[in-house]
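Coordinates as given in input-v3.tsv (TSV, C-alpha atoms):
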chain	number	residue	atom	x	y	z
A	1	MET	CA	1.56	99.70	50.29
A	2	THR	CA	4.23	102.38	50.36
A	3	SER	CA	6.85	103.40	47.84
A	4	ASP	CA	9.48	103.55	50.54
A	5	GLY	CA	11.90	101.08	48.99
A	6	GLY	CA	9.16	98.47	48.62
A	7	PHE	CA	8.69	98.12	52.36
A	8	SER	CA	5.27	97.94	54.01
A	9	ASP	CA	4.26	100.54	56.58
A	10	SER	CA	1.81	98.22	58.31
A	11	GLY	CA	2.24	95.66	61.03
A	12	SER	CA	4.25	95.53	64.23
A	13	HIS	CA	7.19	93.60	65.58
A	14	ASP	CA	8.19	92.98	69.17
A	15	PHE	CA	11.74	93.99	70.00
A	16	ASP	CA	13.86	92.56	72.80
A	17	PHE	CA	15.94	95.46	74.07
A	18	GLU	CA	17.71	93.21	76.57
A	19	LEU	CA	19.01	91.14	73.68
A	20	ALA	CA	20.05	94.29	71.86
A	21	VAL	CA	21.95	95.70	74.81
A	22	ASN	CA	23.38	92.57	76.38
A	23	GLY	CA	23.32	90.04	73.55
A	24	ARG	CA	21.30	87.60	75.65
A	25	ARG	CA	17.94	85.95	75.08
A	26	ASN	CA	17.61	83.58	77.99
A	27	ASN	CA	17.41	84.48	81.67
A	28	ALA	CA	17.73	88.15	80.82
A	29	ARG	CA	17.11	90.61	83.61
A	30	ARG	CA	14.75	93.51	82.99
A	31	LEU	CA	16.31	96.60	81.49
A	32	THR	CA	17.47	99.04	84.14
A	33	LEU	CA	19.15	102.04	82.61
A	34	GLY	CA	20.63	102.96	85.96
A	35	HIS	CA	22.65	99.75	85.96
A	36	PRO	CA	26.27	100.61	85.03
A	37	LYS	CA	26.70	97.59	82.75
A	38	THR	CA	23.57	98.36	80.76
A	39	LYS	CA	24.37	102.05	80.43
A	40	GLY	CA	27.94	101.20	79.46
A	41	GLN	CA	26.74	98.92	76.71
A	42	LEU	CA	24.23	101.50	75.50
A	43	SER	CA	26.99	104.11	75.42
A	44	ARG	CA	29.20	101.80	73.34
A	45	ILE	CA	26.36	101.22	70.88
A	46	VAL	CA	25.54	104.88	70.25
A	47	ASN	CA	29.21	105.89	70.15
A	48	ARG	CA	29.85	103.13	67.63
A	49	VAL	CA	32.61	101.32	69.47
A	50	PRO	CA	34.28	98.77	67.11
A	51	GLU	CA	32.32	95.54	66.80
A	52	VAL	CA	33.91	92.15	67.32
A	53	MET	CA	33.55	89.46	64.69
A	54	VAL	CA	33.12	85.81	65.63
A	55	LYS	CA	32.57	83.68	62.56
A	56	VAL	CA	32.42	79.94	61.97
A	57	SER	CA	34.07	79.50	58.59
A	58	GLY	CA	33.30	75.81	58.30
A	59	GLY	CA	35.05	72.74	59.56
A	60	GLY	CA	36.56	69.51	58.32
A	61	LYS	CA	34.41	66.41	58.08
A	62	THR	CA	37.42	64.12	57.69
A	63	ALA	CA	40.82	63.89	59.34
A	64	GLN	CA	42.42	64.92	56.04
A	65	HIS	CA	40.28	68.06	55.84
A	66	VAL	CA	41.16	69.12	59.38
A	67	SER	CA	44.85	68.42	58.85
A	68	ALA	CA	44.83	70.50	55.66
A	69	HIS	CA	43.19	73.39	57.50
A	70	LEU	CA	45.79	73.23	60.28
A	71	ASP	CA	48.46	73.49	57.60
A	72	TYR	CA	46.62	76.41	56.04
A	73	ILE	CA	46.21	78.53	59.19
A	74	THR	CA	49.82	77.90	60.26
A	75	ARG	CA	50.94	78.64	56.70
A	76	ASN	CA	52.53	75.20	56.51
A	77	GLY	CA	54.21	75.63	59.88
A	78	LYS	CA	55.60	79.13	59.25
A	79	LEU	CA	53.39	80.67	61.96
A	80	ASP	CA	53.47	79.48	65.57
A	81	ALA	CA	50.25	78.15	67.10
A	82	VAL	CA	49.11	77.61	70.69
A	83	THR	CA	47.13	74.65	72.08
A	84	GLU	CA	44.59	74.60	74.92
A	85	GLN	CA	47.45	73.56	77.22
A	86	GLY	CA	49.48	76.62	76.25
A	87	ASP	CA	51.99	74.54	74.28
A	88	ILE	CA	53.63	76.17	71.27
A	89	VAL	CA	53.24	74.31	67.99
A	90	SER	CA	56.05	75.43	65.70
A	91	GLY	CA	56.90	73.99	62.31
A	92	LYS	CA	55.14	71.60	59.96
A	93	ASP	CA	56.23	68.49	61.86
A	94	ASP	CA	54.68	69.81	65.08
A	95	VAL	CA	51.44	70.52	63.24
A	96	ARG	CA	51.33	66.96	61.92
A	97	ASP	CA	52.11	65.56	65.36
A	98	LEU	CA	49.23	67.57	66.82
A	99	ALA	CA	46.83	66.24	64.17
A	100	ASP	CA	47.95	62.70	65.05
A	101	GLU	CA	47.48	63.44	68.76
A	102	TRP	CA	43.90	64.53	68.13
A	103	ASN	CA	43.29	61.05	66.69
A	104	LEU	CA	40.78	62.41	64.22
A	105	GLU	CA	40.67	59.18	62.23
A	106	ALA	CA	38.77	57.62	65.13
A	107	GLY	CA	36.08	60.30	65.00
A	108	ALA	CA	32.53	59.13	64.48
A	109	ASN	CA	30.92	59.35	61.03
A	110	GLN	CA	33.95	60.39	59.03
A	111	GLY	CA	32.79	62.42	56.04
A	112	LYS	CA	29.39	63.19	57.61
A	113	ASN	CA	29.91	64.85	60.98
A	114	ARG	CA	32.35	67.72	61.44
A	115	GLN	CA	35.49	66.50	63.16
A	116	ALA	CA	36.50	70.08	64.01
A	117	PHE	CA	35.14	73.61	63.70
A	118	ASN	CA	37.03	76.53	62.17
A	119	ILE	CA	36.33	79.76	64.07
A	120	VAL	CA	37.66	83.23	63.25
A	121	LEU	CA	37.94	85.97	65.90
A	122	SER	CA	38.77	89.41	64.57
A	123	MET	CA	38.68	93.16	65.08
A	124	PRO	CA	39.20	96.11	62.71
A	125	ALA	CA	42.62	97.19	61.44
A	126	GLY	CA	44.59	99.12	64.03
A	127	THR	CA	43.67	96.86	66.95
A	128	ASP	CA	46.69	95.80	69.03
A	129	PRO	CA	47.43	92.24	67.77
A	130	GLN	CA	48.89	90.95	71.02
A	131	LYS	CA	45.97	92.21	73.08
A	132	LEU	CA	43.66	90.63	70.53
A	133	PHE	CA	45.49	87.31	70.84
A	134	THR	CA	45.45	87.41	74.64
A	135	ALA	CA	41.71	88.11	74.59
A	136	ALA	CA	41.21	85.24	72.12
A	137	GLN	CA	43.19	82.87	74.36
A	138	ASN	CA	41.11	83.87	77.39
A	139	PHE	CA	37.91	83.49	75.36
A	140	ALA	CA	38.88	80.01	74.18
A	141	ARG	CA	39.86	78.94	77.69
A	142	GLU	CA	36.53	80.20	79.06
A	143	GLN	CA	34.48	78.40	76.41
A	144	PHE	CA	36.40	75.17	75.70
A	145	TRP	CA	39.09	74.39	78.25
A	146	GLY	CA	38.66	70.94	79.77
A	147	LYS	CA	35.92	70.13	77.26
A	148	HIS	CA	37.50	70.28	73.80
A	149	GLN	CA	40.99	70.31	72.35
A	150	TYR	CA	41.85	73.34	70.25
A	151	LEU	CA	44.61	75.17	68.42
A	152	MET	CA	44.84	78.88	67.67
A	153	VAL	CA	47.01	81.06	65.45
A	154	LEU	CA	47.35	84.85	65.23
A	155	HIS	CA	47.42	86.40	61.76
A	156	THR	CA	48.57	90.00	61.26
A	157	PRO	CA	49.40	91.90	58.06
A	158	GLU	CA	53.03	92.02	59.19
A	159	THR	CA	53.47	88.32	60.00
A	160	ASP	CA	51.13	86.57	57.59
A	161	PRO	CA	53.15	85.36	54.58
A	162	HIS	CA	50.03	84.97	52.43
A	163	LYS	CA	50.11	87.24	49.37
A	164	ASP	CA	46.53	88.43	50.04
A	165	ALA	CA	46.82	88.84	53.82
A	166	PRO	CA	43.89	90.94	55.15
A	167	PRO	CA	44.73	94.30	56.79
A	168	HIS	CA	43.10	93.50	60.14
A	169	PRO	CA	44.48	91.22	62.87
A	170	HIS	CA	42.51	88.04	63.47
A	171	VAL	CA	42.82	84.68	65.18
A	172	HIS	CA	42.06	81.30	63.65
A	173	LEU	CA	40.72	78.90	66.25
A	174	VAL	CA	40.24	75.21	65.41
A	175	VAL	CA	38.19	73.27	67.97
A	176	LYS	CA	37.89	69.49	67.95
A	177	ALA	CA	34.20	68.55	67.85
A	178	GLU	CA	34.44	65.51	70.13
A	179	GLY	CA	34.64	66.11	73.84
A	180	ILE	CA	37.80	65.27	75.81
A	181	GLU	CA	36.16	63.30	78.60
A	182	ASN	CA	33.04	62.23	76.74
A	183	LYS	CA	33.37	61.71	73.01
A	184	LYS	CA	29.61	61.93	72.64
A	185	ALA	CA	29.62	65.41	74.16
A	186	ARG	CA	30.11	66.98	70.75
A	187	LEU	CA	30.30	70.68	70.08
A	188	TYR	CA	27.20	72.11	68.40
A	189	ILE	CA	27.12	75.72	67.25
A	190	ARG	CA	23.80	77.52	66.92
A	191	LYS	CA	22.85	81.15	66.35
A	192	ALA	CA	22.43	81.67	70.10
A	193	THR	CA	25.92	80.17	70.59
A	194	LEU	CA	27.45	82.79	68.31
A	195	GLU	CA	25.59	85.58	70.13
A	196	LYS	CA	26.99	84.33	73.41
A	197	TRP	CA	30.51	84.02	71.99
A	198	ARG	CA	30.49	87.55	70.57
A	199	GLY	CA	29.54	88.97	73.95
A	200	SER	CA	32.19	86.92	75.72
A	201	PHE	CA	34.94	87.85	73.24
A	202	ALA	CA	34.05	91.55	73.51
A	203	GLU	CA	34.30	91.35	77.31
A	204	GLN	CA	37.73	89.70	77.06
A	205	LEU	CA	38.92	92.46	74.72
A	206	ARG	CA	37.69	95.17	77.06
A	207	ALA	CA	39.54	93.42	79.88
A	208	GLN	CA	42.70	93.98	77.81
A	209	GLY	CA	41.90	97.67	77.40
A	210	VAL	CA	40.56	97.32	73.85
A	211	GLU	CA	37.27	99.11	73.14
A	212	ALA	CA	34.97	96.43	71.73
A	213	ASN	CA	31.27	95.79	71.42
A	214	ALA	CA	28.96	92.94	70.40
A	215	THR	CA	25.68	94.25	69.05
A	216	PRO	CA	23.15	92.63	66.69
A	217	ARG	CA	23.44	94.05	63.18
A	218	ASP	CA	19.93	95.57	63.08
A	219	ILE	CA	20.73	97.66	66.17
A	220	ARG	CA	23.67	99.04	64.19
A	221	GLY	CA	21.39	99.88	61.27
A	222	GLN	CA	22.52	96.96	59.13
A	223	THR	CA	19.74	95.00	57.47
A	224	LYS	CA	21.73	92.66	55.24
A	225	LYS	CA	23.03	89.35	56.51
A	226	ALA	CA	26.64	88.41	55.96
A	227	LYS	CA	27.11	85.92	53.15
A	228	SER	CA	28.54	82.48	53.79
A	229	PRO	CA	32.08	81.95	52.43
A	230	ALA	CA	30.75	79.61	49.71
A	231	ILE	CA	28.23	82.17	48.43
A	232	TYR	CA	30.69	85.05	48.75
A	233	PHE	CA	33.38	83.39	46.65
A	234	SER	CA	30.94	82.03	44.06
A	235	GLU	CA	29.55	85.54	43.55
A	236	LYS	CA	33.04	87.00	43.42
A	237	SER	CA	34.01	84.53	40.69
A	238	GLY	CA	30.78	85.18	38.76
A	239	LYS	CA	29.59	81.58	39.13
A	240	SER	CA	26.68	82.13	41.51
A	241	SER	CA	23.37	80.77	40.18
A	242	VAL	CA	21.68	82.30	43.25
A	243	LEU	CA	22.88	85.79	42.31
A	244	ARG	CA	21.77	85.30	38.69
A	245	SER	CA	18.28	84.29	39.83
A	246	LYS	CA	18.14	87.40	42.06
A	247	PHE	CA	19.01	89.62	39.09
A	248	GLU	CA	16.37	87.92	36.96
A	249	GLU	CA	13.74	88.40	39.67
A	250	ALA	CA	14.70	92.06	39.99
A	251	ARG	CA	14.50	92.50	36.20
A	252	GLN	CA	11.00	91.06	36.18
A	253	ASP	CA	9.96	93.32	39.07
A	254	LEU	CA	11.18	96.38	37.16
A	255	THR	CA	9.38	95.25	34.02
A	256	ARG	CA	6.09	94.70	35.83
A	257	GLY	CA	6.43	97.65	38.16
A	258	GLU	CA	6.87	97.69	41.95
A	259	SER	CA	6.14	94.26	43.44
A	260	GLU	CA	4.61	93.48	46.79
A	261	PRO	CA	7.12	93.56	49.65
A	262	LYS	CA	8.54	90.26	50.73
A	263	PRO	CA	7.63	89.06	54.24
A	264	TRP	CA	11.19	89.49	55.46
A	265	GLU	CA	11.25	93.07	54.14
A	266	THR	CA	8.13	93.86	56.12
A	267	ALA	CA	9.76	92.33	59.20
A	268	ILE	CA	12.92	94.40	58.63
A	269	LEU	CA	10.97	97.65	58.54
A	270	ASN	CA	8.86	96.70	61.57
A	271	ARG	CA	11.95	95.77	63.53
A	272	ARG	CA	13.61	99.06	62.61
A	273	ARG	CA	10.58	100.93	63.93
A	274	ALA	CA	10.76	98.92	67.14
A	275	VAL	CA	14.46	99.75	67.46
A	276	VAL	CA	13.76	103.46	67.01
A	277	ARG	CA	10.89	103.47	69.51
A	278	THR	CA	12.96	101.65	72.10
A	279	PHE	CA	16.00	103.89	71.76
A	280	LEU	CA	13.87	107.04	71.96
A	281	SER	CA	12.17	105.63	75.06
A	282	ALA	CA	15.61	104.97	76.55
A	283	ALA	CA	16.61	108.56	75.76
A	284	ASP	CA	13.53	109.83	77.65
A	285	GLU	CA	14.44	107.69	80.67
A	286	LEU	CA	18.02	108.92	80.57
A	287	ARG	CA	16.85	112.54	80.53
A	288	LYS	CA	14.65	111.87	83.55
A	289	GLU	CA	17.72	110.44	85.33
A	290	GLY	CA	19.69	113.55	84.42
A	291	ASP	CA	22.10	111.85	82.01
A	292	ILE	CA	21.65	114.47	79.29
A	293	PRO	CA	24.86	113.70	77.32
A	294	LEU	CA	23.97	110.02	76.85
A	295	ALA	CA	20.32	110.86	76.07
A	296	THR	CA	21.49	113.30	73.40
A	297	ALA	CA	23.89	110.70	71.97
A	298	VAL	CA	21.06	108.15	71.77
A	299	GLU	CA	18.83	110.61	69.90
A	300	ARG	CA	21.63	111.51	67.50
A	301	TYR	CA	22.30	107.81	66.92
A	302	VAL	CA	18.65	107.25	65.94
A	303	GLU	CA	18.73	110.21	63.54
A	304	GLU	CA	21.83	108.83	61.82
A	305	LEU	CA	20.59	105.27	61.35
A	306	PRO	CA	20.78	104.41	57.63
A	307	ARG	CA	17.61	103.66	55.72
A	308	PRO	CA	16.61	99.96	55.87
A	309	ASP	CA	17.82	98.17	52.78
A	310	THR	CA	18.01	94.69	51.28
A	311	GLU	CA	20.09	93.06	48.59
A	312	ARG	CA	16.97	92.77	46.41
A	313	HIS	CA	16.47	96.54	46.44
A	314	GLN	CA	20.16	97.20	45.83
A	315	ILE	CA	20.03	94.95	42.76
A	316	LYS	CA	16.90	96.70	41.49
A	317	ARG	CA	18.51	100.12	41.91
A	318	ALA	CA	21.65	98.92	40.11
A	319	LEU	CA	19.56	97.56	37.22
A	320	ALA	CA	17.48	100.75	37.01
A	321	THR	CA	20.65	102.86	36.95
A	322	HIS	CA	22.13	100.63	34.23
A	323	VAL	CA	18.97	100.98	32.10
A	324	GLN	CA	19.00	104.77	32.51
A	325	GLN	CA	22.67	104.94	31.51
A	326	GLN	CA	22.05	102.78	28.43
A	327	ARG	CA	19.10	104.92	27.37
A	328	ALA	CA	21.14	108.11	27.84
A	329	LYS	CA	23.96	106.60	25.79
A	330	GLN	CA	21.59	105.60	23.00
A	331	GLY	CA	20.03	109.09	23.04
A	332	LYS	CA	23.43	110.73	22.59
A	333	GLU	CA	24.24	108.35	19.74
A	334	ARG	CA	20.97	109.21	17.98
A	335	GLU	CA	21.62	112.93	18.42
A	336	SER	CA	25.04	112.57	16.81
A	337	GLU	CA	23.74	110.61	13.81
A	338	PRO	CA	22.52	113.68	11.77
A	339	ASP	CA	25.94	115.33	12.14
A	340	ALA	CA	27.59	112.14	10.98
A	341	ARG	CA	25.28	111.86	7.96
A	342	GLN	CA	25.85	115.50	7.08
A	343	LYS	CA	29.60	114.98	7.05
A	344	SER	CA	29.25	111.87	4.88
A	345	HIS	CA	26.81	113.57	2.41
A	346	PRO	CA	27.58	117.32	2.27
A	347	THR	CA	25.05	119.65	0.60
A	348	ASN	CA	25.82	121.05	-2.86
A	349	ASP	CA	27.34	124.45	-2.32
A	350	PRO	CA	27.61	126.43	-5.60
A	351	ASN	CA	30.35	128.59	-4.11
A	352	LYS	CA	32.39	125.66	-2.80
A	353	ASP	CA	34.87	125.48	-5.73
A	354	ARG	CA	35.11	129.24	-6.32

Is it possible to give me this structure as structure tokens?
Amino acid sequence: MTSDGGFSDSGSHDFDFELAVNGRRNNARRLTLGHPKTKGQLSRIVNRVPEVMVKVSGGGKTAQHVSAHLDYITRNGKLDAVTEQGDIVSGKDDVRDLADEWNLEAGANQGKNRQAFNIVLSMPAGTDPQKLFTAAQNFAREQFWGKHQYLMVLHTPETDPHKDAPPHPHVHLVVKAEGIENKKARLYIRKATLEKWRGSFAEQLRAQGVEANATPRDIRGQTKKAKSPAIYFSEKSGKSSVLRSKFEEARQDLTRGESEPKPWETAILNRRRAVVRTFLSAADELRKEGDIPLATAVERYVEELPRPDTERHQIKRALATHVQQQRAKQGKERESEPDARQKSHPTNDPNKDR
């Protein structure tokens, strides 16, 4: 075992570079660095082009839930929305009419199956909102047109009336789960689906002249998964039992000494090593091809990758720092106690009253 953050140095992990570069698992062609698309994607990765975000933030299981979400994303009709037919939905009455048109009450298994999915498409602050919205419209048309009804709304810091409007432009996309032609052809969203959507949305943004990329988080040096909205808000409000259990586990680890690495921590370190090996191999191939600038950029990218980390280790470091600070505080208080006692009980000085 190593002391390197609790991670194991043993083991190996296969790494799919095609997935890393192109965001595809199935029917992937072999990596050919001479191919312009592959080299372009590799260049975007090492030059840290802004990453797209495609997130499923939930979805209503009843007609009432979906209708409430439509009100929410349109800010009760204050923001215009666009349907899959390109129709503008403006005002609260239009939003209600659209919900009626979707006939969600007739959806199968009300309260059990999702009647619609809430999807968020976003880019960092500073991205052109209109280009973002055009790319989102083209993405939605490519993925859902003729198969599912949908509604989308653009939120920007300037137009969103919400008091806590985020600083980055983003699009809320609500997709009806039931199919248009075949109600049984329901929409199902899996991890591979999100990978595909991220790649598609990034391509649509680039078609609008917006630099965008869609790379798995471990290729970017990120080892922590994004939290679900439910977990995020429960932790933010201090009501997360999961977070409390993590702190208790970390406290016990610190009390007992360094614990054995968790299986997923071993996998994280092994995958990082595979990422590094593959990028360095790509740099060698690029040098052989004569593309020295890109090879150098790849090598610099590998050198700058942050150390693998997990939430468990972050919690342990925070607890260790807190303990050290408390001990230092107590030490200072003990050092000041003699001075305090001396002031309270001064020595008898025969010359004091002279």

Exercise for review: Could you jot down the CA of Ala125 in chain A to CA of Pro167 in chain A separation for me, Å, one decimal place?
Suggested key: 5.9 Å

Exercise for review: Enter the distance from CA of Gly111 in chain A to CA of Lys55 in chain A, in Å, rounded to one decimal.
Suggested key: 22.2 Å

Point to revise | range 72-82 of chain A surroundings by only C-alpha atoms, 9 Å radius, close-in-sequence under 4 positions cut, as a list of chain:residue names | key: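 Within the cut-off, the hits are A:Ser67, A:Ala68, A:Gly86, A:Asp87, A:Ile88, A:Val89, A:Ser90, A:Gly91, A:Lys92, A:Asp93, A:Asp94, A:Val95, A:Gln137, A:Tyr150, A:Leu151, A:Met152, A:Val153, A:Leu154, A:His155, A:Thr159, A:Asp160, A:Pro161, A:His162, A:His172, A:Leu173.
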
Practice item. Find the residues near Leu294 in chain A: any atom within 9 Å, counting all atoms listed in the file, skip ones fewer than 4 places away on the same chain, and give them as a list in words. Key: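 These residues fall inside the cut-off: Lys39, Leu42, Ser43, Val46, Ala283, Leu286, Arg287, Val298 and Glu299 of chain A.
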
Check your understanding: For Glu303 in chain A, which residue out of A:Lys147, A:Arg277, A:Arg327, A:His168 is the nearest one, using all atoms listed in the file?
Key ->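 The closest residue to Glu303 in chain A is A:Arg277.
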
Check your understanding: Between CA of Gly126 in chain A and CA of Pro50 in chain A, what is the distance, to one decimal in Å?
Key ->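 Value for the CA of Gly126 in chain A-CA of Pro50 in chain A distance: 10.8 Å.
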
Point to revise | Of the listed residues A:Lys131, A:Lys196, A:Arg141, A:Arg44, that which approaches His170 in chain A most closely, counting all atoms listed in the file | key: A:Lys131

Point to revise | Selection: 12 Å around Arg48 in chain A, only C-alpha atoms, excl. self and same-chain fewer than 2 positions, as number ranges by chain | key: A: 41-46, 50-52, 211-215, 217, 219-221, 297-298, 300-301, 304-305
